[in-house]
Amino acid sequence: FASYYGDHMVLQKEPAGAVVWGHGEPGAVVTVTLSGTSGLIVMEKTAQVKGPSGTWTTVLDQMDQGGPYALTAKQGLENTTLRDIYFGDVWLCSGQSNMAMTVLQVANASQELAAAARYPYVRIFAVAPARSDVELEDLERISLPWSIPTAAENLGHGNFTYFSAVCWLLGRSLYEALGYPIGLVEVAWGGTPIEAWSSRRALQACGLLEDTGRAWLLKPAFCFAPHLSLALSSSTSPHQHPSGPQTPSVLWNAMIHPLLNMTLRGVAWYQGEPPFLSPQGGATPAAHQALTGPSFWGTGEANAFLHTDQYNCTFPALIADWRQAFHTGSAGQTEPLLPFGFVQLSTYRRQSADDSFARLRWHQTADLGVVPNARMPSTFMAVAMDLGDEHSPYGRYQPHLPPLLSIHPRDKQNVAHRLLLGARAVAYGDKDLVFQGPYPTRAILEVTRGLLNVTYSQELICRRRDAQAFEVRVGKSSPEGWEGEGHADGGFSPPQVCCSTEASPCQWLPAPMVVVGSHTVTLALSGCRTLVLGLRYAWAEWPCEYQACPLYNPQGLPAPPFL
């Protein structure tokens, strides 16, 4: 069998067929049998080993949830049997260090670890960090083979090793909601940009990759949505020194491409934040050396500070490309619109003037504010900007200087819960479930009164009146009034858009919240009588305190930022 098949694994249940493959002598015939606990053969398949790759592949018949089963591959006199196999749903969890952050590191870690024994049918597997300049057929290394979760041996193995807290908490919650086995596959590496996880096809689709004749290189490119180019024209970032495992496609080649034959039910993604630095320039901890090698700790920069404004192209392109690749690699068993959930960036530094985080949060939605949308169908998002954790000891930006600033919040329970809601609604079709926070659908300006009325899609709960949360972009003239409507695909159209290609004299001004109704927020324009050119909300690196953003819905989900 290929490297990622083993005892205790979960294979994808119906309505898809699980793909099984392995290695053998070219030209030989491999017989694959699935048998129950009594030894009774449930099914038998044959496959010929293809040369020169020396691999064989078969698709099992659709199986109902449950187990245990034994899976045997026999070639001539040789055979290998895998035991304690179950059929359920298989989810792939990928990204960088917030996905790699383990159960040992989260809030209430001891309670979460102690609960592991209650979930023997949530099985876990972790791919070891690896890079390659060419697409690999099989994994080079495995951090954790398929395992039954245990507190000390795998869920609490160490910091940023295995097993992923977000992945585990999501999978555990899916098991509670669905009542059948869940297989979780962790594929994460801290400090890595999306370009490293993208195939060359995906990067070329965004115009980011050029062939120099000797190697493929990223080239400077901008992928702004047209209406954003002016609004972001004055945005700058002081971070100009990318490093770490950021070479195009090297993680796709080594960690994703080998898994394409796997039949999946969904993907969870947490990526985009910048890296953490080693304490006071000190030595790399041994636990992290084992995980990542020399480029992980204090050297890499991810997309909050690297190619930020291409993310509105690279992220949708990655999703589309992974879907096509997994669908093709699984002989059509993984559905073409594979459900894809992701975590919108949390926080980093207080009172930072850099708007890289705000821009990347916007770009994570393909500049439409909410998902699913026309550019990102069958996706779902967990908003995390209200889950900042300045006292987290993991990955402080400057730990020797107050205040403590961390890119690794410990509250992964709320992150997983918000992902779960999206998964249930988008992947499992629970149409009545509210899985995202309120979003603007309409804005009306009352010029004579200096007020802006913003109507939201859901009932509003105001947790805090914030004079800085909303901002308007103003110009030199003013009509008597205007009305803006939301896009049909869910994005919000700012009331009026600057169209100049030159630097604008406009500026962003606070628009304090005056009244919060059941579905409407009234903003004061601070006596400004000029042309309102734009409106934005929570456009900051650290927009609000823990679970205390201004606007939520009755289900406790925060209103996402918008521009």
# chains A, B, ... in the order shown; residues from 1 in each chain; ligands from 1
call {"tool": "residues_around", "arguments": {"residues": "region 242-257 of chain A", "least_positions_apart": "2", "cutoff": "6 Å", "atoms": "only C-alpha atoms", "output": "list in words"}}
result
Ala130, Arg131, Ser132, Asp133, Val134, Glu135, Leu136, Thr192, Pro193, Glu195, Ala196, Trp197, Ser198, Ser199, Leu259, Leu260, Ser295, Thr299, Gly300 and Glu301 of chain A
call {"tool": "residues_around", "arguments": {"residues": "Lys50 (chain A)", "least_positions_apart": "5", "cutoff": "10 Å", "atoms": "only C-alpha atoms", "output": "PyMOL selection string"}}
result
chain A and resi 23-29+55-57
call {"tool": "closest_residue", "arguments": {"among": "A:Val532, A:Leu563, A:Leu452, A:Ile148", "to": "Val514 (chain A)", "atoms": "only C-alpha atoms"}}
result
A:Leu452
call {"tool": "closest_residue", "arguments": {"among": "A:Ser94, A:Cys313, A:Ala152, A:His519", "to": "Ser110 (chain A)", "atoms": "only C-alpha atoms"}}
result
A:Ala152
call {"tool": "closest_atom_pairs", "arguments": {"of": "region 98-143 of chain A", "to": "region 407-431 of chain A", "cutoff": "9 Å", "atoms": "only C-alpha atoms", "output": "JSON lines"}}
result
{"residue": "A:Asn98", "atom": "CA", "partner": "A:His408", "partner_atom": "CA", "distance": 6.1}
{"residue": "A:Met101", "atom": "CA", "partner": "A:His408", "partner_atom": "CA", "distance": 7.9}
{"residue": "A:Val103", "atom": "CA", "partner": "A:Lys412", "partner_atom": "CA", "distance": 8.8}
{"residue": "A:Gln105", "atom": "CA", "partner": "A:Arg410", "partner_atom": "CA", "distance": 6.7}
{"residue": "A:Val106", "atom": "CA", "partner": "A:Arg410", "partner_atom": "CA", "distance": 4.4}
{"residue": "A:Ala107", "atom": "CA", "partner": "A:Arg410", "partner_atom": "CA", "distance": 5.2}
{"residue": "A:Asn108", "atom": "CA", "partner": "A:Asp411", "partner_atom": "CA", "distance": 8.8}
call {"tool": "select_by_dssp", "arguments": {"residues": "region 77-135 of chain A", "states": "strand (DSSP E or B)", "output": "PyMOL selection string"}}
result
chain A and resi 78-95+102+122-127
call {"tool": "closest_residue", "arguments": {"among": "A:Val122, A:Ala202, A:Pro145, A:Phe342", "to": "Leu178 (chain A)", "atoms": "only C-alpha atoms"}}
result
A:Val122
call {"tool": "select_by_dssp", "arguments": {"residues": "region 46-230 of chain A", "states": "alpha helix (DSSP H)", "output": "ChimeraX atom specification"}}
result
/A:97-100,109-114,165-178,194-197,200-205
call {"tool": "write_last_selection", "arguments": {"atoms": "N, CA, C and O atoms", "output": "short mmCIF file (atom, residue, chain, number, x, y, z; two decimals), in the first residue's frame"}}
result
data_model
loop_
_atom_site.label_atom_id
_atom_site.label_comp_id
_atom_site.auth_asym_id
_atom_site.auth_seq_id
_atom_site.Cartn_x
_atom_site.Cartn_y
_atom_site.Cartn_z
N SER A 97 1.07 27.67 10.78
CA SER A 97 1.28 27.33 12.19
C SER A 97 0.01 27.33 13.03
O SER A 97 -0.09 26.58 14.00
N ASN A 98 -0.99 28.14 12.69
CA ASN A 98 -2.23 28.08 13.47
C ASN A 98 -3.00 26.79 13.21
O ASN A 98 -3.80 26.37 14.04
N MET A 99 -2.75 26.17 12.08
CA MET A 99 -3.31 24.84 11.85
C MET A 99 -2.43 23.78 12.51
O MET A 99 -2.93 22.76 13.00
N ALA A 100 -1.12 24.02 12.56
CA ALA A 100 -0.21 23.06 13.18
C ALA A 100 -0.23 23.13 14.70
O ALA A 100 0.24 22.21 15.36
N ALA A 109 -6.44 23.07 27.69
CA ALA A 109 -5.80 21.92 27.02
C ALA A 109 -5.97 20.63 27.81
O ALA A 109 -6.22 19.57 27.22
N SER A 110 -5.83 20.70 29.13
CA SER A 110 -5.92 19.47 29.92
C SER A 110 -7.29 18.83 29.79
O SER A 110 -7.41 17.60 29.70
N GLN A 111 -8.35 19.66 29.75
CA GLN A 111 -9.70 19.11 29.58
C GLN A 111 -9.87 18.51 28.20
O GLN A 111 -10.48 17.44 28.04
N GLU A 112 -9.35 19.20 27.19
CA GLU A 112 -9.49 18.70 25.82
C GLU A 112 -8.74 17.38 25.65
O GLU A 112 -9.21 16.45 24.99
N LEU A 113 -7.56 17.29 26.25
CA LEU A 113 -6.78 16.05 26.14
C LEU A 113 -7.46 14.91 26.88
O LEU A 113 -7.48 13.77 26.40
N ALA A 114 -8.02 15.21 28.04
CA ALA A 114 -8.69 14.18 28.82
C ALA A 114 -9.91 13.62 28.10
O ALA A 114 -10.30 12.46 28.31
N ALA A 165 -4.95 21.22 16.63
CA ALA A 165 -6.11 21.48 17.50
C ALA A 165 -7.35 21.84 16.68
O ALA A 165 -8.44 21.34 16.95
N VAL A 166 -7.18 22.72 15.69
CA VAL A 166 -8.33 23.11 14.88
C VAL A 166 -8.90 21.90 14.16
O VAL A 166 -10.12 21.69 14.12
N CYS A 167 -8.03 21.08 13.61
CA CYS A 167 -8.48 19.89 12.87
C CYS A 167 -9.17 18.92 13.82
O CYS A 167 -10.26 18.40 13.52
N TRP A 168 -8.57 18.66 14.98
CA TRP A 168 -9.16 17.73 15.93
C TRP A 168 -10.50 18.21 16.44
O TRP A 168 -11.47 17.47 16.49
N LEU A 169 -10.58 19.48 16.84
CA LEU A 169 -11.83 20.01 17.39
C LEU A 169 -12.94 20.02 16.34
O LEU A 169 -14.10 19.76 16.65
N LEU A 170 -12.58 20.33 15.10
CA LEU A 170 -13.57 20.27 14.02
C LEU A 170 -14.02 18.83 13.80
O LEU A 170 -15.23 18.55 13.71
N GLY A 171 -13.07 17.91 13.71
CA GLY A 171 -13.43 16.51 13.47
C GLY A 171 -14.25 15.91 14.60
O GLY A 171 -15.21 15.17 14.36
N ARG A 172 -13.88 16.24 15.83
CA ARG A 172 -14.63 15.77 16.98
C ARG A 172 -16.06 16.28 16.95
O ARG A 172 -17.01 15.53 17.24
N SER A 173 -16.22 17.54 16.59
CA SER A 173 -17.56 18.12 16.51
C SER A 173 -18.37 17.53 15.37
O SER A 173 -19.59 17.33 15.49
N LEU A 174 -17.71 17.24 14.25
CA LEU A 174 -18.40 16.58 13.14
C LEU A 174 -18.88 15.19 13.56
O LEU A 174 -20.00 14.78 13.23
N TYR A 175 -18.05 14.49 14.31
CA TYR A 175 -18.45 13.17 14.80
C TYR A 175 -19.68 13.28 15.71
O TYR A 175 -20.62 12.48 15.61
N GLU A 176 -19.68 14.27 16.60
CA GLU A 176 -20.83 14.45 17.49
C GLU A 176 -22.09 14.78 16.71
O GLU A 176 -23.19 14.34 17.05
N ALA A 177 -21.94 15.56 15.63
CA ALA A 177 -23.10 15.98 14.84
C ALA A 177 -23.60 14.87 13.92
O ALA A 177 -24.81 14.73 13.71
N LEU A 178 -22.69 14.07 13.37
CA LEU A 178 -23.05 13.10 12.34
C LEU A 178 -23.22 11.69 12.89
O LEU A 178 -23.96 10.89 12.33
N ILE A 194 0.94 31.04 0.62
CA ILE A 194 0.04 30.25 -0.23
C ILE A 194 0.73 29.81 -1.51
O ILE A 194 0.41 28.76 -2.07
N GLU A 195 1.71 30.59 -1.98
CA GLU A 195 2.40 30.23 -3.22
C GLU A 195 3.09 28.88 -3.11
O GLU A 195 3.20 28.14 -4.09
N ALA A 196 3.59 28.56 -1.90
CA ALA A 196 4.27 27.27 -1.72
C ALA A 196 3.30 26.10 -1.77
O ALA A 196 3.68 24.98 -2.12
N TRP A 197 2.02 26.35 -1.42
CA TRP A 197 1.00 25.30 -1.42
C TRP A 197 0.27 25.22 -2.77
O TRP A 197 -0.61 24.37 -2.94
N ARG A 200 1.90 24.94 -10.02
CA ARG A 200 2.31 25.91 -11.04
C ARG A 200 1.11 26.37 -11.86
O ARG A 200 1.04 27.52 -12.28
N ARG A 201 0.17 25.47 -12.10
CA ARG A 201 -1.04 25.84 -12.85
C ARG A 201 -1.77 26.98 -12.16
O ARG A 201 -2.19 27.95 -12.79
N ALA A 202 -1.94 26.85 -10.83
CA ALA A 202 -2.69 27.86 -10.09
C ALA A 202 -1.97 29.20 -10.10
O ALA A 202 -2.60 30.25 -10.24
N LEU A 203 -0.65 29.17 -9.94
CA LEU A 203 0.11 30.42 -9.92
C LEU A 203 0.12 31.08 -11.30
O LEU A 203 0.03 32.31 -11.42
N GLN A 204 0.20 30.27 -12.34
CA GLN A 204 0.16 30.83 -13.68
C GLN A 204 -1.21 31.44 -13.98
O GLN A 204 -1.32 32.43 -14.71
N ALA A 205 -2.27 30.86 -13.40
CA ALA A 205 -3.61 31.41 -13.61
C ALA A 205 -3.73 32.83 -13.07
O ALA A 205 -4.56 33.61 -13.53
#
call {"tool": "residues_around", "arguments": {"residues": "Asn312 (chain A)", "least_positions_apart": "4", "cutoff": "7 Å", "atoms": "only C-alpha atoms", "output": "list of chain:residue names"}}
result
A:Cys223, A:Pro316, A:His363, A:Gln364, A:Ala366, A:Asp367
call {"tool": "atom_distance", "arguments": {"atom1": "CA of Val343 (chain A)", "atom2": "CA of Met381 (chain A)"}}
result
5.6 Å
call {"tool": "atom_distance", "arguments": {"atom1": "CA of Pro120 (chain A)", "atom2": "CA of Trp146 (chain A)"}}
result
12.0 Å
call {"tool": "closest_residue", "arguments": {"among": "A:Tyr546, A:Arg118, A:Asn453, A:Gly556", "to": "Val516 (chain A)", "atoms": "only C-alpha atoms"}}
result
A:Asn453
call {"tool": "closest_residue", "arguments": {"among": "A:Leu387, A:Ala70, A:Ala2, A:Ala374", "to": "Gly54 (chain A)", "atoms": "only C-alpha atoms"}}
result
A:Ala2
call {"tool": "closest_residue", "arguments": {"among": "A:Ala524, A:Gly329, A:Gln96, A:Tyr162", "to": "Gly272 (chain A)", "atoms": "only C-alpha atoms"}}
result
A:Gln96
